[in-house]
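One file, run.txt, is given below (compact mmCIF, N, CA, C and O atoms).
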```txt
# COMPACT_ATOMS: atom_id res chain seq x y z
N MET A 58 -24.11 15.63 129.02
CA MET A 58 -23.04 14.85 129.63
C MET A 58 -22.98 13.45 129.03
O MET A 58 -21.91 12.88 128.95
N LYS A 59 -24.12 12.92 128.59
CA LYS A 59 -24.11 11.59 128.00
C LYS A 59 -23.28 11.57 126.73
O LYS A 59 -22.58 10.60 126.45
N LYS A 60 -23.34 12.64 125.96
CA LYS A 60 -22.60 12.69 124.70
C LYS A 60 -21.09 12.69 124.96
O LYS A 60 -20.34 12.03 124.25
N GLY A 61 -20.66 13.40 125.97
CA GLY A 61 -19.23 13.44 126.31
C GLY A 61 -18.74 12.08 126.79
O GLY A 61 -17.63 11.65 126.43
N GLY A 62 -19.54 11.38 127.57
CA GLY A 62 -19.16 10.05 128.04
C GLY A 62 -19.08 9.05 126.89
O GLY A 62 -18.19 8.20 126.86
N LEU A 63 -20.00 9.18 125.95
CA LEU A 63 -19.99 8.29 124.78
C LEU A 63 -18.75 8.54 123.92
O LEU A 63 -18.10 7.59 123.47
N ILE A 64 -18.41 9.80 123.74
CA ILE A 64 -17.22 10.13 122.96
C ILE A 64 -15.97 9.60 123.66
O ILE A 64 -15.06 9.06 123.02
N LEU A 65 -15.90 9.74 124.97
CA LEU A 65 -14.77 9.23 125.73
C LEU A 65 -14.67 7.72 125.63
O LEU A 65 -13.58 7.16 125.40
N LEU A 66 -15.79 7.03 125.75
CA LEU A 66 -15.81 5.58 125.65
C LEU A 66 -15.38 5.12 124.26
O LEU A 66 -14.57 4.18 124.13
N LEU A 67 -15.88 5.77 123.22
CA LEU A 67 -15.49 5.42 121.86
C LEU A 67 -13.99 5.68 121.63
O LEU A 67 -13.31 4.90 120.96
N GLY A 68 -13.48 6.75 122.18
CA GLY A 68 -12.05 7.05 122.07
C GLY A 68 -11.20 6.00 122.75
O GLY A 68 -10.16 5.58 122.23
N LEU A 69 -11.64 5.57 123.94
CA LEU A 69 -10.90 4.53 124.66
C LEU A 69 -10.94 3.20 123.91
O LEU A 69 -9.93 2.50 123.83
N LEU A 70 -12.09 2.86 123.36
CA LEU A 70 -12.20 1.63 122.59
C LEU A 70 -11.34 1.69 121.33
O LEU A 70 -10.68 0.70 120.97
N LEU A 71 -11.33 2.81 120.66
CA LEU A 71 -10.51 2.97 119.46
C LEU A 71 -9.02 2.89 119.81
O LEU A 71 -8.24 2.24 119.11
N GLY A 72 -8.63 3.50 120.93
CA GLY A 72 -7.23 3.43 121.37
C GLY A 72 -6.82 2.01 121.72
O GLY A 72 -5.72 1.57 121.38
N ALA A 73 -7.70 1.29 122.41
CA ALA A 73 -7.40 -0.10 122.77
C ALA A 73 -7.30 -0.98 121.53
O ALA A 73 -6.40 -1.82 121.43
N ALA A 74 -8.19 -0.76 120.57
CA ALA A 74 -8.14 -1.54 119.33
C ALA A 74 -6.87 -1.24 118.55
O ALA A 74 -6.23 -2.14 117.99
N ALA A 75 -6.45 0.01 118.53
CA ALA A 75 -5.21 0.38 117.84
C ALA A 75 -4.01 -0.26 118.52
O ALA A 75 -3.11 -0.77 117.85
N PHE A 76 -3.98 -0.25 119.84
CA PHE A 76 -2.87 -0.87 120.58
C PHE A 76 -2.79 -2.36 120.28
O PHE A 76 -1.71 -2.88 120.00
N VAL A 77 -3.93 -3.05 120.33
CA VAL A 77 -3.94 -4.49 120.07
C VAL A 77 -3.48 -4.77 118.63
O VAL A 77 -2.70 -5.69 118.40
N GLY A 78 -3.94 -3.98 117.69
CA GLY A 78 -3.54 -4.18 116.29
C GLY A 78 -2.05 -3.97 116.07
O GLY A 78 -1.39 -4.79 115.42
N PHE A 79 -1.51 -2.89 116.62
CA PHE A 79 -0.08 -2.64 116.45
C PHE A 79 0.76 -3.68 117.20
O PHE A 79 1.81 -4.09 116.72
N TYR A 80 0.29 -4.12 118.36
CA TYR A 80 1.01 -5.15 119.10
C TYR A 80 1.03 -6.46 118.31
O TYR A 80 2.06 -7.12 118.21
N TYR A 81 -0.10 -6.82 117.75
CA TYR A 81 -0.21 -8.05 116.96
C TYR A 81 0.71 -8.00 115.75
O TYR A 81 1.43 -8.96 115.45
N LEU A 82 0.71 -6.88 115.03
CA LEU A 82 1.57 -6.74 113.85
C LEU A 82 3.05 -6.64 114.24
O LEU A 82 3.91 -7.14 113.53
N GLY A 83 3.34 -6.01 115.35
CA GLY A 83 4.72 -5.84 115.78
C GLY A 83 5.36 -7.12 116.28
O GLY A 83 6.58 -7.29 116.19
N THR A 84 4.58 -8.03 116.82
CA THR A 84 5.13 -9.27 117.36
C THR A 84 4.98 -10.45 116.41
O THR A 84 5.32 -11.57 116.76
N ALA A 85 4.49 -10.21 115.19
CA ALA A 85 4.28 -11.30 114.23
C ALA A 85 5.57 -12.05 113.91
O ALA A 85 5.57 -13.29 113.91
N PRO A 86 6.70 -11.37 113.64
CA PRO A 86 7.92 -12.13 113.34
C PRO A 86 8.37 -13.01 114.51
O PRO A 86 8.83 -14.15 114.29
N CYS A 87 8.23 -12.55 115.71
CA CYS A 87 8.63 -13.35 116.88
C CYS A 87 7.71 -14.56 117.04
O CYS A 87 8.18 -15.65 117.38
N ARG A 88 6.42 -14.36 116.81
CA ARG A 88 5.50 -15.48 116.93
C ARG A 88 5.74 -16.52 115.85
O ARG A 88 5.61 -17.71 116.09
N ILE A 89 6.15 -16.09 114.66
CA ILE A 89 6.47 -17.03 113.59
C ILE A 89 7.70 -17.84 113.96
O ILE A 89 7.77 -19.05 113.74
N MET A 90 8.72 -17.17 114.54
CA MET A 90 9.94 -17.88 114.93
C MET A 90 9.69 -18.91 116.02
O MET A 90 10.39 -19.90 116.10
N MET A 91 8.68 -18.70 116.83
CA MET A 91 8.41 -19.64 117.92
C MET A 91 7.88 -20.97 117.40
O MET A 91 7.86 -21.96 118.12
N HIS A 92 7.47 -21.03 116.14
CA HIS A 92 6.98 -22.28 115.55
C HIS A 92 8.07 -23.05 114.81
O HIS A 92 7.79 -24.07 114.21
N GLU A 93 9.31 -22.53 114.87
CA GLU A 93 10.44 -23.22 114.25
C GLU A 93 10.79 -24.46 115.06
O GLU A 93 10.44 -24.55 116.25
N PRO A 94 11.52 -25.42 114.46
CA PRO A 94 11.92 -26.62 115.21
C PRO A 94 12.80 -26.29 116.42
O PRO A 94 12.70 -26.92 117.45
N GLN A 95 13.69 -25.34 116.30
CA GLN A 95 14.55 -24.91 117.39
C GLN A 95 14.29 -23.42 117.63
O GLN A 95 15.07 -22.56 117.21
N PRO A 96 13.23 -23.05 118.34
CA PRO A 96 12.89 -21.63 118.47
C PRO A 96 13.94 -20.82 119.22
O PRO A 96 14.11 -19.63 118.95
N GLU A 97 14.69 -21.47 120.13
CA GLU A 97 15.69 -20.70 120.87
C GLU A 97 16.89 -20.35 120.00
O GLU A 97 17.65 -19.44 120.33
N LEU A 98 17.08 -21.03 118.87
CA LEU A 98 18.18 -20.74 117.96
C LEU A 98 17.71 -20.12 116.65
O LEU A 98 18.53 -19.79 115.79
N ALA A 99 16.42 -19.97 116.47
CA ALA A 99 15.89 -19.46 115.19
C ALA A 99 16.37 -18.05 114.91
O ALA A 99 16.57 -17.69 113.74
N TRP A 100 16.60 -17.26 115.94
CA TRP A 100 17.06 -15.90 115.70
C TRP A 100 18.45 -15.91 115.07
O TRP A 100 18.77 -15.01 114.28
N LEU A 101 19.30 -16.91 115.39
CA LEU A 101 20.61 -17.00 114.77
C LEU A 101 20.49 -17.21 113.27
O LEU A 101 21.21 -16.60 112.48
N LYS A 102 19.60 -18.11 112.88
CA LYS A 102 19.40 -18.40 111.46
C LYS A 102 18.94 -17.15 110.72
O LYS A 102 19.41 -16.86 109.63
N LYS A 103 18.04 -16.41 111.34
CA LYS A 103 17.52 -15.21 110.69
C LYS A 103 18.56 -14.09 110.68
O LYS A 103 18.77 -13.43 109.67
N GLU A 104 19.23 -13.88 111.80
CA GLU A 104 20.16 -12.76 111.94
C GLU A 104 21.39 -12.91 111.04
O GLU A 104 21.85 -11.93 110.45
N PHE A 105 21.92 -14.12 110.95
CA PHE A 105 23.15 -14.34 110.20
C PHE A 105 22.91 -14.99 108.84
O PHE A 105 23.87 -15.39 108.17
N ASN A 106 21.65 -15.11 108.43
CA ASN A 106 21.29 -15.69 107.13
C ASN A 106 21.96 -17.04 106.92
O ASN A 106 22.61 -17.29 105.90
N LEU A 107 21.84 -17.93 107.89
CA LEU A 107 22.47 -19.24 107.81
C LEU A 107 21.71 -20.16 106.87
O LEU A 107 20.48 -20.13 106.82
N SER A 108 22.45 -20.98 106.16
CA SER A 108 21.81 -22.01 105.34
C SER A 108 21.35 -23.13 106.27
O SER A 108 21.68 -23.16 107.45
N ASP A 109 20.61 -24.08 105.71
CA ASP A 109 20.13 -25.19 106.53
C ASP A 109 21.28 -26.04 107.05
O ASP A 109 21.25 -26.52 108.18
N ALA A 110 22.33 -26.21 106.23
CA ALA A 110 23.48 -27.00 106.66
C ALA A 110 24.23 -26.29 107.80
O ALA A 110 24.62 -26.93 108.79
N ASP A 111 24.41 -24.98 107.67
CA ASP A 111 25.08 -24.23 108.74
C ASP A 111 24.25 -24.25 110.01
O ASP A 111 24.79 -24.38 111.11
N PHE A 112 22.95 -24.11 109.86
CA PHE A 112 22.09 -24.11 111.04
C PHE A 112 22.11 -25.49 111.72
O PHE A 112 22.07 -25.57 112.95
N ALA A 113 22.20 -26.55 110.93
CA ALA A 113 22.28 -27.90 111.51
C ALA A 113 23.57 -28.05 112.31
O ALA A 113 23.58 -28.65 113.38
N ARG A 114 24.68 -27.48 111.80
CA ARG A 114 25.94 -27.53 112.55
C ARG A 114 25.85 -26.76 113.86
O ARG A 114 26.31 -27.21 114.90
N VAL A 115 25.26 -25.59 113.81
CA VAL A 115 25.10 -24.77 115.02
C VAL A 115 24.21 -25.50 116.01
O VAL A 115 24.49 -25.51 117.22
N THR A 116 23.14 -26.12 115.54
CA THR A 116 22.24 -26.86 116.40
C THR A 116 22.97 -28.03 117.07
O THR A 116 22.80 -28.29 118.27
N ALA A 117 23.81 -28.72 116.29
CA ALA A 117 24.57 -29.84 116.85
C ALA A 117 25.55 -29.34 117.90
O ALA A 117 25.73 -29.99 118.95
N MET A 118 26.19 -28.21 117.65
CA MET A 118 27.11 -27.64 118.64
C MET A 118 26.36 -27.23 119.91
O MET A 118 26.86 -27.40 121.01
N ASP A 119 25.17 -26.69 119.76
CA ASP A 119 24.38 -26.28 120.91
C ASP A 119 23.97 -27.48 121.75
O ASP A 119 23.96 -27.41 122.98
N GLU A 120 23.62 -28.58 121.09
CA GLU A 120 23.20 -29.78 121.81
C GLU A 120 24.36 -30.46 122.53
O GLU A 120 24.15 -31.15 123.52
N ALA A 121 25.57 -30.25 122.03
CA ALA A 121 26.76 -30.90 122.62
C ALA A 121 27.26 -30.19 123.83
O ALA A 121 26.82 -29.70 124.68
```

Output the structure of this file as structure tokens.
Amino acid sequence: MKKGGLILLLGLLLGAAAFVGFYYLGTAPCRIMMHEPQPELAWLKKEFNLSDADFARVTAMDEA
């Protein structure tokens, strides 16, 4: 019975490690965007491929 419990524990640890790894890799782009100067508008810049000048205009409109 000890061997079965060890295998179960190792399986659970491997599953948890896989979940954490995939979660970390899957949320990397969002975490990078959160370090932008305007994180609430950073998705616009990425989604619409805005230049810095266009993004500055959008930011000014948002602030107004």

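Take atom O of Glu104 (chain A) and CA of Glu120 (chain A): the distance between them is 21.2 Å.
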
Exercise. Can you list, as an MDAnalysis selection string, every protein, DNA or RNA residue that comes within 8 Å of region 111-114 of chain A when you count only C-alpha atoms, leaving out same-chain residues fewer than 4 positions away?
Worked result: chainID A and resid 102 107 118

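Rounded to one decimal, CA of Thr116 (chain A) and CA of Glu97 (chain A) lie 10.0 Å from each other.
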
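Relative to CA of Lys103 (chain A), CA of Met91 (chain A) is found at 12.4 Å.
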